[in-house]
>>> print(open('target-v3.pdb').read())   # PDB, C-alpha atoms, pLDDT in the B column
ATOM      1  CA  MET A   1       0.000   0.000   0.000  1.00 84.00           C
ATOM      2  CA  ARG A   2       1.411   3.373  -0.943  1.00 90.00           C
ATOM      3  CA  ASN A   3       0.169   6.811  -0.093  1.00 93.00           C
ATOM      4  CA  HIS A   4       0.778   9.745  -2.396  1.00 97.00           C
ATOM      5  CA  PHE A   5       0.192  12.489   0.173  1.00 97.00           C
ATOM      6  CA  SER A   6       3.671  14.022  -0.086  1.00 97.00           C
ATOM      7  CA  ARG A   7       3.567  14.053  -3.889  1.00 97.00           C
ATOM      8  CA  ILE A   8       0.136  15.685  -3.923  1.00 98.00           C
ATOM      9  CA  LEU A   9       1.189  18.371  -1.435  1.00 98.00           C
ATOM     10  CA  GLY A  10       4.322  19.079  -3.456  1.00 97.00           C
ATOM     11  CA  GLU A  11       2.416  19.373  -6.721  1.00 97.00           C
ATOM     12  CA  ARG A  12      -0.040  21.800  -5.129  1.00 97.00           C
ATOM     13  CA  LEU A  13       2.596  23.698  -3.143  1.00 98.00           C
ATOM     14  CA  LEU A  14       0.693  22.995   0.077  1.00 98.00           C
ATOM     15  CA  THR A  15       2.329  22.735   3.483  1.00 98.00           C
ATOM     16  CA  ILE A  16       1.472  20.376   6.300  1.00 98.00           C
ATOM     17  CA  SER A  17       0.718  23.447   8.441  1.00 98.00           C
ATOM     18  CA  LYS A  18      -1.816  24.737   5.895  1.00 98.00           C
ATOM     19  CA  VAL A  19      -3.559  21.337   5.666  1.00 98.00           C
ATOM     20  CA  HIS A  20      -3.602  21.130   9.482  1.00 98.00           C
ATOM     21  CA  GLU A  21      -5.108  24.626   9.809  1.00 98.00           C
ATOM     22  CA  ASP A  22      -7.742  23.993   7.148  1.00 98.00           C
ATOM     23  CA  THR A  23      -8.786  20.466   8.181  1.00 98.00           C
ATOM     24  CA  GLY A  24      -8.108  20.240  11.902  1.00 98.00           C
ATOM     25  CA  ILE A  25      -6.223  16.976  11.376  1.00 98.00           C
ATOM     26  CA  ALA A  26      -3.401  16.628  13.909  1.00 97.00           C
ATOM     27  CA  ARG A  27       0.005  17.744  12.627  1.00 97.00           C
ATOM     28  CA  SER A  28       1.540  14.508  13.906  1.00 97.00           C
ATOM     29  CA  THR A  29      -0.907  12.496  11.794  1.00 97.00           C
ATOM     30  CA  LEU A  30      -0.152  14.574   8.711  1.00 98.00           C
ATOM     31  CA  ILE A  31       3.602  14.319   9.277  1.00 97.00           C
ATOM     32  CA  ASN A  32       3.383  10.543   9.637  1.00 96.00           C
ATOM     33  CA  LEU A  33       1.374  10.326   6.421  1.00 97.00           C
ATOM     34  CA  TYR A  34       3.785  12.630   4.609  1.00 97.00           C
ATOM     35  CA  TYR A  35       6.820  10.550   5.563  1.00 96.00           C
ATOM     36  CA  ARG A  36       4.951   7.252   5.056  1.00 94.00           C
ATOM     37  CA  ARG A  37       5.328   6.200   8.682  1.00 94.00           C
ATOM     38  CA  SER A  38       1.630   5.543   9.297  1.00 89.00           C
ATOM     39  CA  LYS A  39       0.466   1.975   9.708  1.00 87.00           C
ATOM     40  CA  ASN A  40      -3.151   2.757  10.583  1.00 91.00           C
ATOM     41  CA  VAL A  41      -5.099   5.775   9.408  1.00 93.00           C
ATOM     42  CA  LYS A  42      -8.685   6.437  10.460  1.00 96.00           C
ATOM     43  CA  PHE A  43     -11.294   6.478   7.722  1.00 96.00           C
ATOM     44  CA  ASP A  44     -12.455   9.871   8.965  1.00 97.00           C
ATOM     45  CA  THR A  45      -8.949  11.260   8.420  1.00 97.00           C
ATOM     46  CA  LEU A  46      -8.791   9.850   4.888  1.00 97.00           C
ATOM     47  CA  ARG A  47     -12.243  11.268   4.136  1.00 98.00           C
ATOM     48  CA  LYS A  48     -11.257  14.727   5.381  1.00 98.00           C
ATOM     49  CA  LEU A  49      -8.084  14.685   3.300  1.00 98.00           C
ATOM     50  CA  CYS A  50      -9.898  13.542   0.162  1.00 98.00           C
ATOM     51  CA  ASP A  51     -12.603  16.171   0.627  1.00 98.00           C
ATOM     52  CA  TYR A  52     -10.001  18.875   1.273  1.00 98.00           C
ATOM     53  CA  LEU A  53      -7.854  17.902  -1.715  1.00 98.00           C
ATOM     54  CA  GLN A  54     -10.931  17.176  -3.886  1.00 98.00           C
ATOM     55  CA  ILE A  55      -9.593  13.773  -4.954  1.00 98.00           C
ATOM     56  CA  PRO A  56     -10.883  10.201  -4.785  1.00 97.00           C
ATOM     57  CA  LEU A  57      -9.341   7.892  -2.188  1.00 97.00           C
ATOM     58  CA  SER A  58      -7.715   5.888  -4.987  1.00 95.00           C
ATOM     59  CA  GLU A  59      -5.596   8.928  -5.862  1.00 97.00           C
ATOM     60  CA  LEU A  60      -4.412   9.346  -2.268  1.00 97.00           C
ATOM     61  CA  ILE A  61      -3.879   5.658  -1.468  1.00 94.00           C
ATOM     62  CA  ASP A  62      -2.750   3.081  -4.001  1.00 91.00           C
ATOM     63  CA  TYR A  63      -3.197  -0.593  -3.145  1.00 88.00           C
ATOM     64  CA  THR A  64      -2.326  -3.618  -5.208  1.00 87.00           C
ATOM     65  CA  PRO A  65      -3.222  -6.893  -3.496  1.00 86.00           C
ATOM     66  CA  LYS A  66      -0.607  -9.577  -3.105  1.00 84.00           C
ATOM     67  CA  GLU A  67      -1.124 -12.683  -5.160  1.00 82.00           C
ATOM     68  CA  LEU A  68      -2.509 -15.438  -2.981  1.00 72.00           C
ATOM     69  CA  THR A  69      -0.598 -18.687  -3.096  1.00 70.00           C
ATOM     70  CA  LYS A  70      -2.264 -22.061  -2.823  1.00 67.00           C
ATOM     71  CA  GLU A  71      -0.898 -24.458  -0.279  1.00 64.00           C
ATOM     72  CA  ALA A  72       0.021 -27.873  -1.643  1.00 53.00           C
TER      73      ALA A  72
END
>>> encode(input="target-v3.pdb", output="structure tokens")
Amino acid sequence: MRNHFSRILGERLLTISKVHEDTGIARSTLINLYYRRSKNVKFDTLRKLCDYLQIPLSELIDYTPKELTKEA
């Protein structure tokens, strides 16, 4: 799973401080997302970010499932 938060902020010339001020999302949460340190992100946080950035979740988070292997 990869998040594209840092790329999106860079493309839009947005700062973490600006996103924090506008959304109310904790700076620590935004910093962890930016540096890809987050393991668990609340759905509410993802929704707020997508609404704020006006993007679908699939643009913020990219997930390709692992191929399942059959046991012999």
>>> residues_around(input="target-v3.pdb", residues="stretch 16-32 of chain A", least_positions_apart="5", cutoff="9 Å", atoms="all atoms listed in the file", output="list in words")
Phe5, Leu9, Arg37, Ser38, Val41, Thr45, Lys48, Leu49 and Tyr52 of chain A
>>> residues_around(input="target-v3.pdb", residues="A:Tyr63", least_positions_apart="2", cutoff="10 Å", atoms="all atoms listed in the file", output="PyMOL selection string")
chain A and resi 1-3+58+61+65-66
>>> atom_distance(input="target-v3.pdb", atom1="atom CA of A:Ser6", atom2="atom CA of A:Leu60")
9.6 Å
>>> atom_distance(input="target-v3.pdb", atom1="atom CA of A:Ile8", atom2="atom CA of A:Ile55")
10.0 Å
>>> axis_aligned_box(input="target-v3.pdb", around="stretch 51-66 of chain A", padding_each_side="3 Å", output="lines of an AutoDock Vina configuration file")
center_x = -6.6
center_y = 4.6
center_z = -2.3
size_x = 18.0
size_y = 34.5
size_z = 13.1
>>> atom_distance(input="target-v3.pdb", atom1="atom CA of A:Asp44", atom2="atom CA of A:Glu67")
28.9 Å
>>> closest_residue(input="target-v3.pdb", among="A:Leu57, A:Tyr34, A:Asn40, A:Asp51", to="A:Gly10", atoms="all atoms listed in the file")
A:Tyr34
